[in-house]
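Visitor: Below is target_15.txt; it holds compact mmCIF, C-alpha atoms.
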```
# COMPACT_ATOMS: atom_id res chain seq x y z
CA MET A 14 0.00 0.00 0.00
CA LEU A 15 2.80 2.42 0.90
CA ILE A 16 4.66 1.64 -2.33
CA ARG A 17 1.55 2.25 -4.46
CA THR A 18 0.84 5.53 -2.68
CA PHE A 19 4.43 6.69 -3.17
CA ILE A 20 4.39 5.78 -6.88
CA ARG A 21 1.07 7.61 -7.31
CA TYR A 22 2.64 10.83 -6.03
CA TYR A 23 6.04 10.18 -7.62
CA LYS A 24 5.50 12.71 -10.44
CA TYR A 25 4.42 15.38 -7.97
CA ILE A 26 7.50 14.77 -5.81
CA VAL A 27 9.76 15.10 -8.86
CA PHE A 28 7.96 18.33 -9.86
CA ILE A 29 8.51 19.81 -6.40
CA LEU A 30 12.19 18.87 -6.46
CA LEU A 31 12.68 20.41 -9.90
CA MET A 32 11.08 23.74 -9.00
CA PRO A 33 13.65 26.55 -8.82
CA MET A 34 14.29 27.59 -5.26
CA THR A 35 16.16 30.65 -4.04
CA ILE A 36 17.88 30.50 -0.67
CA GLN A 37 18.43 33.96 0.74
CA ALA A 38 21.73 34.20 2.61
CA GLU A 39 21.45 35.95 5.96
CA GLU A 40 24.37 38.18 6.91
CA ILE A 41 25.75 36.74 10.12
CA GLU A 42 29.09 36.34 11.84
CA TYR A 43 29.73 32.84 10.56
CA ILE A 44 32.42 30.56 11.93
CA PRO A 45 32.55 27.09 10.36
CA SER A 46 32.73 24.40 13.01
CA ASN A 47 34.96 22.22 10.86
CA SER A 48 37.60 24.91 10.37
CA SER A 49 41.19 23.81 10.78
CA LYS A 50 41.74 26.93 12.89
CA SER A 51 40.72 27.01 16.53
CA ILE A 52 37.14 28.22 16.92
CA VAL A 53 38.06 29.85 20.23
CA LYS A 54 40.75 31.90 18.45
CA ASN A 55 38.20 32.91 15.80
CA ILE A 56 35.76 34.05 18.49
CA ASP A 57 38.54 36.06 20.19
CA ARG A 58 39.45 37.66 16.88
CA LEU A 59 35.86 38.68 16.09
CA PHE A 60 35.28 40.26 19.50
CA LYS A 61 38.59 42.18 19.22
CA GLN A 62 37.92 43.35 15.66
CA LYS A 63 34.39 44.47 16.54
CA PRO A 64 34.43 45.55 20.21
CA GLN A 65 30.93 47.02 19.86
CA LYS A 66 29.52 43.53 19.33
CA ILE A 67 27.81 42.15 22.43
CA SER A 68 27.26 38.73 20.84
CA ILE A 69 28.19 36.65 17.80
CA LEU A 70 26.49 33.83 15.97
CA LEU A 71 28.34 30.51 15.77
CA THR A 72 26.88 28.23 13.09
CA PRO A 73 28.13 24.62 12.89
CA LYS A 74 28.49 23.52 9.27
CA ILE A 75 27.98 19.87 8.38
CA LYS A 76 28.77 18.78 4.81
CA GLY A 77 27.98 22.20 3.37
CA LYS A 78 24.74 22.70 5.29
CA SER A 79 23.67 24.18 8.61
CA ARG A 80 20.56 24.46 10.74
CA TYR A 81 21.05 25.50 14.38
CA SER A 82 23.24 28.38 15.53
CA PHE A 83 24.61 29.49 18.90
CA SER A 84 24.17 33.12 19.92
CA ILE A 85 27.19 33.66 22.19
CA ARG A 86 27.24 36.74 24.42
CA LYS A 87 30.59 38.42 24.97
CA ASP A 88 30.27 38.62 28.78
CA ALA A 89 29.32 34.93 29.06
CA TYR A 90 32.15 33.93 26.72
CA TYR A 91 34.89 35.74 28.65
CA LEU A 92 33.52 34.49 31.97
CA SER A 93 33.60 30.86 30.82
CA LYS A 94 37.04 31.35 29.29
CA LYS A 95 38.34 32.79 32.56
CA TYR A 96 37.41 29.57 34.35
CA ALA A 97 38.19 27.36 31.31
CA ASP A 98 34.69 25.88 31.46
CA ALA A 99 33.16 25.63 27.99
CA SER A 100 30.26 23.49 29.24
CA ASP A 101 28.76 26.47 31.11
CA LEU A 102 28.93 28.58 27.95
CA PHE A 103 26.86 25.95 26.10
CA TYR A 104 23.92 26.50 28.47
CA LEU A 105 24.43 30.28 28.54
CA SER A 106 24.27 30.51 24.73
CA GLU A 107 20.93 30.80 22.96
CA GLN A 108 20.25 28.04 20.44
CA ILE A 109 18.56 29.41 17.32
CA ASP A 110 16.78 27.24 14.76
CA SER A 111 17.35 29.00 11.43
CA GLY A 112 16.15 26.02 9.40
CA LEU A 113 18.28 24.12 6.92
CA LYS A 114 20.58 26.41 4.91
CA PHE A 115 23.35 25.93 2.40
CA GLN A 116 26.81 27.17 3.31
CA SER A 117 29.95 27.53 1.21
CA ASN A 118 31.08 24.09 0.17
CA LYS A 119 34.26 23.22 -1.73
CA SER A 120 34.54 19.62 -0.64
CA LYS A 121 35.44 16.45 -2.51
CA ASN A 122 33.97 13.12 -1.55
CA ILE A 123 34.79 9.48 -2.34
CA ASP A 124 32.26 6.74 -1.58
CA ILE A 125 33.36 3.13 -1.82
CA ILE A 126 30.69 0.42 -1.55
CA ILE A 127 31.75 -3.21 -1.44
CA SER A 128 29.35 -6.14 -1.69
CA GLU A 129 29.55 -9.66 -3.06
CA ASN A 130 27.84 -8.93 -6.39
CA ASN A 131 27.76 -5.14 -6.63
CA SER A 132 30.63 -2.73 -5.92
CA ASN A 133 30.71 1.03 -6.53
CA LEU A 134 33.34 3.74 -6.52
CA ILE A 135 31.88 7.26 -6.65
CA LEU A 136 33.86 10.52 -6.71
CA ASN A 137 31.96 13.80 -6.20
CA GLN A 138 33.18 17.39 -6.33
CA SER A 139 31.04 20.27 -5.06
CA ILE A 140 30.93 22.91 -7.80
CA LEU A 141 28.39 25.10 -5.97
CA SER A 142 27.05 25.04 -2.42
CA ASN A 143 24.32 22.55 -3.38
CA ILE A 144 25.45 21.04 -6.71
CA ASN A 145 27.83 18.10 -7.09
CA LEU A 146 29.53 16.76 -10.21
CA GLY A 147 31.30 13.43 -10.23
CA LEU A 148 32.48 10.19 -11.78
CA PHE A 149 31.51 6.64 -10.90
CA LEU A 150 32.73 3.12 -11.52
CA LYS A 151 30.28 0.26 -10.93
CA ASN A 152 30.73 -3.47 -11.12
CA LYS A 153 27.43 -5.37 -11.14
CA ASP A 154 26.57 -7.48 -14.18
CA LYS A 155 29.46 -5.74 -15.94
CA ILE A 156 31.90 -2.94 -15.28
CA SER A 157 30.45 0.47 -16.17
CA PHE A 158 31.98 3.94 -16.04
CA GLY A 159 30.16 7.24 -16.22
CA VAL A 160 29.40 10.71 -14.89
CA ASN A 161 26.79 11.99 -12.46
CA LEU A 162 25.29 15.35 -11.57
CA ASN A 163 23.04 15.98 -8.58
CA LYS A 164 21.56 18.88 -6.66
CA ASP A 165 20.44 19.27 -3.05
CA VAL A 166 17.15 21.09 -2.50
CA ILE A 167 15.88 22.44 0.81
CA ILE A 168 12.18 21.59 0.96
CA SER A 169 11.47 23.03 4.41
CA LYS A 170 13.31 23.91 7.63
CA ASN A 171 13.62 20.20 8.48
CA ALA A 172 13.30 18.47 5.10
CA LEU A 173 15.91 17.92 2.40
CA GLY A 174 15.75 16.55 -1.13
CA ASN A 175 18.32 15.55 -3.72
CA PHE A 176 17.80 14.83 -7.39
CA GLY A 177 20.25 14.01 -10.13
CA VAL A 178 21.15 11.97 -13.17
CA GLU A 179 23.91 9.55 -14.00
CA GLN A 180 25.07 8.49 -17.44
CA ALA A 181 27.16 5.39 -18.05
CA LYS A 182 28.74 4.53 -21.39
CA ASP A 183 26.40 2.66 -23.77
CA GLU A 184 23.54 2.72 -21.24
CA TYR A 185 20.35 4.73 -20.75
CA MET A 186 20.43 7.74 -18.45
CA VAL A 187 19.31 7.07 -14.86
CA PHE A 188 17.33 9.52 -12.74
CA ASN A 189 17.73 9.47 -8.94
CA ALA A 190 15.63 11.28 -6.34
CA LYS A 191 15.89 11.18 -2.56
CA PHE A 192 14.21 12.99 0.29
CA VAL A 193 14.22 12.97 4.08
CA LYS A 194 12.14 14.78 6.69
CA LEU A 195 12.78 15.04 10.42
CA SER A 196 9.78 14.64 12.69
CA ASN A 197 8.73 17.73 14.64
CA ASN A 198 10.12 16.28 17.88
CA GLU A 199 13.32 15.24 16.02
CA ASN A 200 13.11 11.71 17.41
CA SER A 201 12.72 10.11 13.97
CA GLU A 202 12.94 10.76 10.25
CA PHE A 203 10.97 9.61 7.20
CA TYR A 204 12.90 8.98 3.98
CA GLY A 205 12.38 7.88 0.40
CA ASN A 206 14.48 6.90 -2.63
CA VAL A 207 13.56 6.68 -6.32
CA ASN A 208 15.73 5.23 -9.08
CA HIS A 209 14.44 5.21 -12.68
CA GLU A 210 16.19 4.30 -15.92
CA PHE A 211 14.84 6.28 -18.87
CA LYS A 212 13.36 4.45 -21.88
CA SER A 213 12.76 1.36 -19.76
CA ASP A 214 10.38 0.05 -17.11
CA HIS A 215 13.22 -0.10 -14.59
CA LEU A 216 11.92 1.65 -11.46
CA ASN A 217 13.10 1.17 -7.87
CA VAL A 218 11.19 2.83 -5.03
CA GLY A 219 11.90 2.68 -1.32
CA ILE A 220 10.46 4.41 1.74
CA GLY A 221 11.04 3.96 5.44
CA ASN A 222 11.31 5.47 8.88
CA THR A 223 14.18 5.61 11.36
CA TRP A 224 13.70 6.08 15.11
CA PHE A 225 16.75 7.55 16.85
CA ASP A 226 18.43 6.62 20.11
CA ILE A 227 16.30 3.66 21.16
CA ALA A 228 17.17 3.14 24.85
CA ASP A 229 20.11 5.50 24.09
CA GLN A 230 21.82 2.55 22.41
CA PHE A 231 20.86 2.30 18.73
CA ASP A 232 18.69 3.59 15.86
CA LEU A 233 15.91 1.39 14.47
CA THR A 234 14.88 1.49 10.80
CA LEU A 235 11.84 -0.08 9.15
CA GLY A 236 11.67 0.15 5.37
CA ILE A 237 9.73 -1.19 2.40
CA GLN A 238 10.91 -1.13 -1.19
CA GLU A 239 10.11 -2.36 -4.66
CA GLN A 240 12.98 -3.41 -6.90
CA SER A 241 12.66 -5.19 -10.25
CA LYS A 242 8.90 -5.46 -9.57
CA LYS A 243 9.54 -7.36 -6.33
CA VAL A 244 8.32 -5.90 -3.04
CA GLY A 245 10.40 -6.45 0.06
CA SER A 246 10.79 -5.14 3.59
CA GLU A 247 13.67 -4.72 5.99
CA LEU A 248 14.19 -4.06 9.68
CA TYR A 249 17.60 -3.21 11.08
CA ALA A 250 19.41 -1.57 13.98
CA THR A 251 22.32 0.87 13.70
CA PHE A 252 25.04 1.00 16.36
CA GLY A 253 28.06 3.27 16.59
CA ASP A 254 28.97 6.94 16.24
CA GLU A 255 29.39 9.43 13.39
CA ASP A 256 32.65 7.80 12.22
CA ILE A 257 31.91 4.06 12.44
CA LYS A 258 28.47 2.48 12.13
CA PHE A 259 27.44 -1.17 12.29
CA GLN A 260 24.02 -2.16 10.98
CA VAL A 261 22.44 -5.57 11.38
CA GLY A 262 18.94 -6.64 10.46
CA LEU A 263 16.52 -8.81 8.50
CA ASN A 264 14.98 -8.45 5.05
CA GLN A 265 12.31 -10.45 3.25
CA ILE A 266 10.82 -10.46 -0.24
CA LYS A 267 7.02 -10.71 -0.47
CA ASN A 268 5.69 -14.20 -1.30
CA ASN A 269 9.02 -15.65 -0.23
CA SER A 270 9.03 -17.32 3.16
CA ASN A 271 12.79 -17.00 3.52
CA MET A 272 13.96 -14.19 5.78
CA ASN A 273 17.59 -13.19 5.38
CA MET A 274 19.94 -11.59 7.86
CA PHE A 275 22.28 -8.88 6.59
CA PHE A 276 24.89 -6.48 7.91
CA ASN A 277 26.44 -3.19 6.83
CA LEU A 278 29.70 -1.78 8.16
CA LYS A 279 30.24 1.93 7.45
CA PHE A 280 33.42 3.96 7.93
CA GLU A 281 33.00 7.72 7.43
CA ASN A 282 35.70 10.34 6.93
CA VAL A 283 38.39 7.65 6.97
CA LEU A 284 41.22 10.06 6.08
CA ASN A 285 40.00 12.67 8.59
CA LYS A 286 40.44 15.50 6.07
CA GLU A 287 38.42 18.69 6.36
CA ASN A 288 37.34 19.07 2.72
CA PHE A 289 37.99 15.55 1.47
CA GLY A 290 35.55 12.94 2.73
CA THR A 291 36.29 9.25 2.27
CA ASN A 292 33.49 6.84 3.14
CA VAL A 293 33.68 3.05 2.91
CA THR A 294 30.69 0.71 3.20
CA ILE A 295 30.96 -3.07 3.35
CA THR A 296 27.66 -4.93 3.03
CA SER A 297 26.40 -8.49 2.79
CA LYS A 298 23.39 -7.34 0.71
CA ASN A 299 23.27 -7.92 -3.04
CA SER A 300 21.50 -4.61 -3.71
CA VAL A 301 23.05 -1.28 -2.73
CA PHE A 302 19.94 0.76 -3.63
CA SER A 303 18.99 1.63 -0.05
CA LEU A 304 22.52 2.38 1.18
CA GLY A 305 22.75 5.91 -0.24
CA ARG A 306 19.73 7.43 1.47
CA LEU A 307 19.71 10.90 3.00
CA SER A 308 19.70 11.53 6.74
CA LEU A 309 19.27 14.62 8.93
CA LYS A 310 20.20 13.02 12.23
CA SER A 311 23.24 15.30 12.62
CA PHE A 312 21.06 18.42 12.26
CA ARG A 313 18.98 17.84 15.40
CA ARG A 314 19.07 20.07 18.46
CA LYS A 315 20.11 17.00 20.46
CA ASN A 316 23.30 16.79 18.39
CA LEU A 317 24.46 20.29 19.34
CA ASP A 318 26.10 19.24 22.60
CA LYS A 319 28.24 16.70 20.69
CA LEU A 320 29.38 19.37 18.24
CA TRP A 321 30.08 21.75 21.10
CA LYS A 322 32.21 19.25 23.04
CA LYS A 323 34.12 18.38 19.87
CA HIS A 324 34.96 21.92 18.75
CA ILE A 325 34.79 24.29 21.74
CA ASN A 326 37.62 24.02 24.23
CA TYR A 327 40.11 26.38 25.85
CA ASN A 328 43.13 24.09 25.75
```
Here is a file; write its structure as structure tokens.
Guide:
Amino acid sequence: MLIRTFIRYYKYIVFILLMPMTIQAEEIEYIPSNSSKSIVKNIDRLFKQKPQKISILLTPKIKGKSRYSFSIRKDAYYLSKKYADASDLFYLSEQIDSGLKFQSNKSKNIDIIISENNSNLILNQSILSNINLGLFLKNKDKISFGVNLNKDVIISKNALGNFGVEQAKDEYMVFNAKFVKLSNNENSEFYGNVNHEFKSDHLNVGIGNTWFDIADQFDLTLGIQEQSKKVGSELYATFGDEDIKFQVGLNQIKNNSNMNMFFNLKFENVLNKENFGTNVTITSKNSVFSLGRLSLKSFRRKNLDKLWKKHINYN
């Protein structure tokens, strides 16, 4: 039922994603949280350069996007610095939800996916804040090489979409669309993927929901998808942190009594480079369709304390 409903509104979703959208940039004192320079030194510099400022806005940037900002008052900052206690400053700073926004992005990214019957190597270069151009090498039924172009689209303050095309040599062009929306309480997210090969009846559709921090131990995902006209479902748990994730679960194809166990092992930012992301995924699944879905887990208010502890210190 969910698959049929999603397919029914598939054209409307594509239309929404293709609509031109203008993101107005707000003039703020912006300090990227992934800067190689000390954020504390940047804050000191801004207050010294503009002594009339009573506060600044610190906006953590995650993969070229931002959502929440910290409004840091000068008096609270110098008081916490005097006692070398950054944790107090976290609670003294106002947390502002500005909604999802694009920030300057000059990053390169390599994604390596390894499975028994389907391996991918994808290289992307950001050419604008929300547009990526890249190359890919895939080995499924045969080795194919091609180019891809995709664009991120902000749908609402807590919803993100991505659409793009990929063209392999001697093959039809493939259209990809993805979206994700955080729940209002930020405890879960709903996502969807579409993959369609032009001039063919090849259409893959998947939707699902992820609940975060179950018992403060793991995330739980329930999904349903249709691939090659076969409907299947999957249920899996995700353990780990932002750098290493281990996923284990079960999937089943409709009208097939066999239920299969699978695992995914994900390593993110392996080289630990600021503007060069290297992600490696090892999976026991034959299909990699659902592995590239979008997520907004890192853009929740609950994630701010982790970013703060990682980047704000007086040492």
Visitor: Find the residues around A:Ile144 up to 9 Å (only C-alpha atoms counted), leave out those fewer than 4 positions away in its own chain, and share them as a list in words.
Guide: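 Contacts, in chain order: Gln138, Ser139, Ile140, Leu162, Asn163, Lys164 and Asp165 of chain A.
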Visitor: Could you produce a table of the residues of stretch 217-285 of chain A lying within 9 Å of stretch 299-315 of chain A, with the nearest pair of atoms per residue and their separation in Å rounded to one decimal, using only C-alpha atoms, ordered by chain and increasing residue number, as JSON lines?
Guide:
```
{"residue": "A:Asn217", "atom": "CA", "partner": "A:Phe302", "partner_atom": "CA", "distance": 8.1}
{"residue": "A:Gly219", "atom": "CA", "partner": "A:Ser303", "partner_atom": "CA", "distance": 7.3}
{"residue": "A:Phe225", "atom": "CA", "partner": "A:Lys310", "partner_atom": "CA", "distance": 7.9}
{"residue": "A:Gln238", "atom": "CA", "partner": "A:Ser303", "partner_atom": "CA", "distance": 8.6}
{"residue": "A:Gln240", "atom": "CA", "partner": "A:Phe302", "partner_atom": "CA", "distance": 8.7}
{"residue": "A:Glu255", "atom": "CA", "partner": "A:Ser311", "partner_atom": "CA", "distance": 8.5}
{"residue": "A:Asn277", "atom": "CA", "partner": "A:Leu304", "partner_atom": "CA", "distance": 8.8}
```
Visitor: Got a sec to check which residues sit within 12 Å of (13.2, 2.1, -20.3), counting only C-alpha atoms, and write them as an NGL selection string?
Guide: :A and (184-188 or 208-216)
Visitor: One number please: atom CA of A:Asp154 to atom CA of A:Leu278, in Å, one decimal.
Guide: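 Straight-line distance from atom CA of A:Asp154 to atom CA of A:Leu278 works out to 23.3 Å.
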Visitor: Please determine, counting only C-alpha atoms, which residue among A:Lys61, A:Lys114, A:His324, A:Lys298 has the shortest atom-to-atom distance to A:Ser142.
Guide: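 Looking at the shortest contact to A:Ser142, the residue is A:Lys114.
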Visitor: Each residue of stretch 112-225 of chain A with at least one atom at most 10 Å from stretch 80-85 of chain A should appear once, together with its nearest atom pair and the corresponding distance in Å (one decimal); atoms considered: all atoms listed in the file; ordering: chain, then increasing residue number; output as a Markdown table.
Guide:
```
| residue | atom | partner | partner_atom | distance |
| --- | --- | --- | --- | --- |
| A:Gly112 | CA | A:Arg80 | CA | 4.9 |
| A:Leu113 | CA | A:Arg80 | CA | 4.5 |
| A:Lys114 | CA | A:Arg80 | CA | 6.1 |
| A:Phe115 | CA | A:Arg80 | CA | 8.9 |
| A:Lys170 | CA | A:Arg80 | CA | 7.9 |
| A:Asn171 | CA | A:Arg80 | CA | 8.5 |
```
Visitor: Just the selected residues (C-alpha atoms), exported as a PDB file, in the coordinates of the input, please.
Guide:
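Contents of out.pdb, freshly written:
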```pdb
ATOM      1  CA  GLY A 112      16.150  26.020   9.400  1.00  0.00           C
ATOM      2  CA  LEU A 113      18.280  24.120   6.920  1.00  0.00           C
ATOM      3  CA  LYS A 114      20.580  26.410   4.910  1.00  0.00           C
ATOM      4  CA  PHE A 115      23.350  25.930   2.400  1.00  0.00           C
ATOM      5  CA  LYS A 170      13.310  23.910   7.630  1.00  0.00           C
ATOM      6  CA  ASN A 171      13.620  20.200   8.480  1.00  0.00           C
TER       7      ASN A 171
END
```
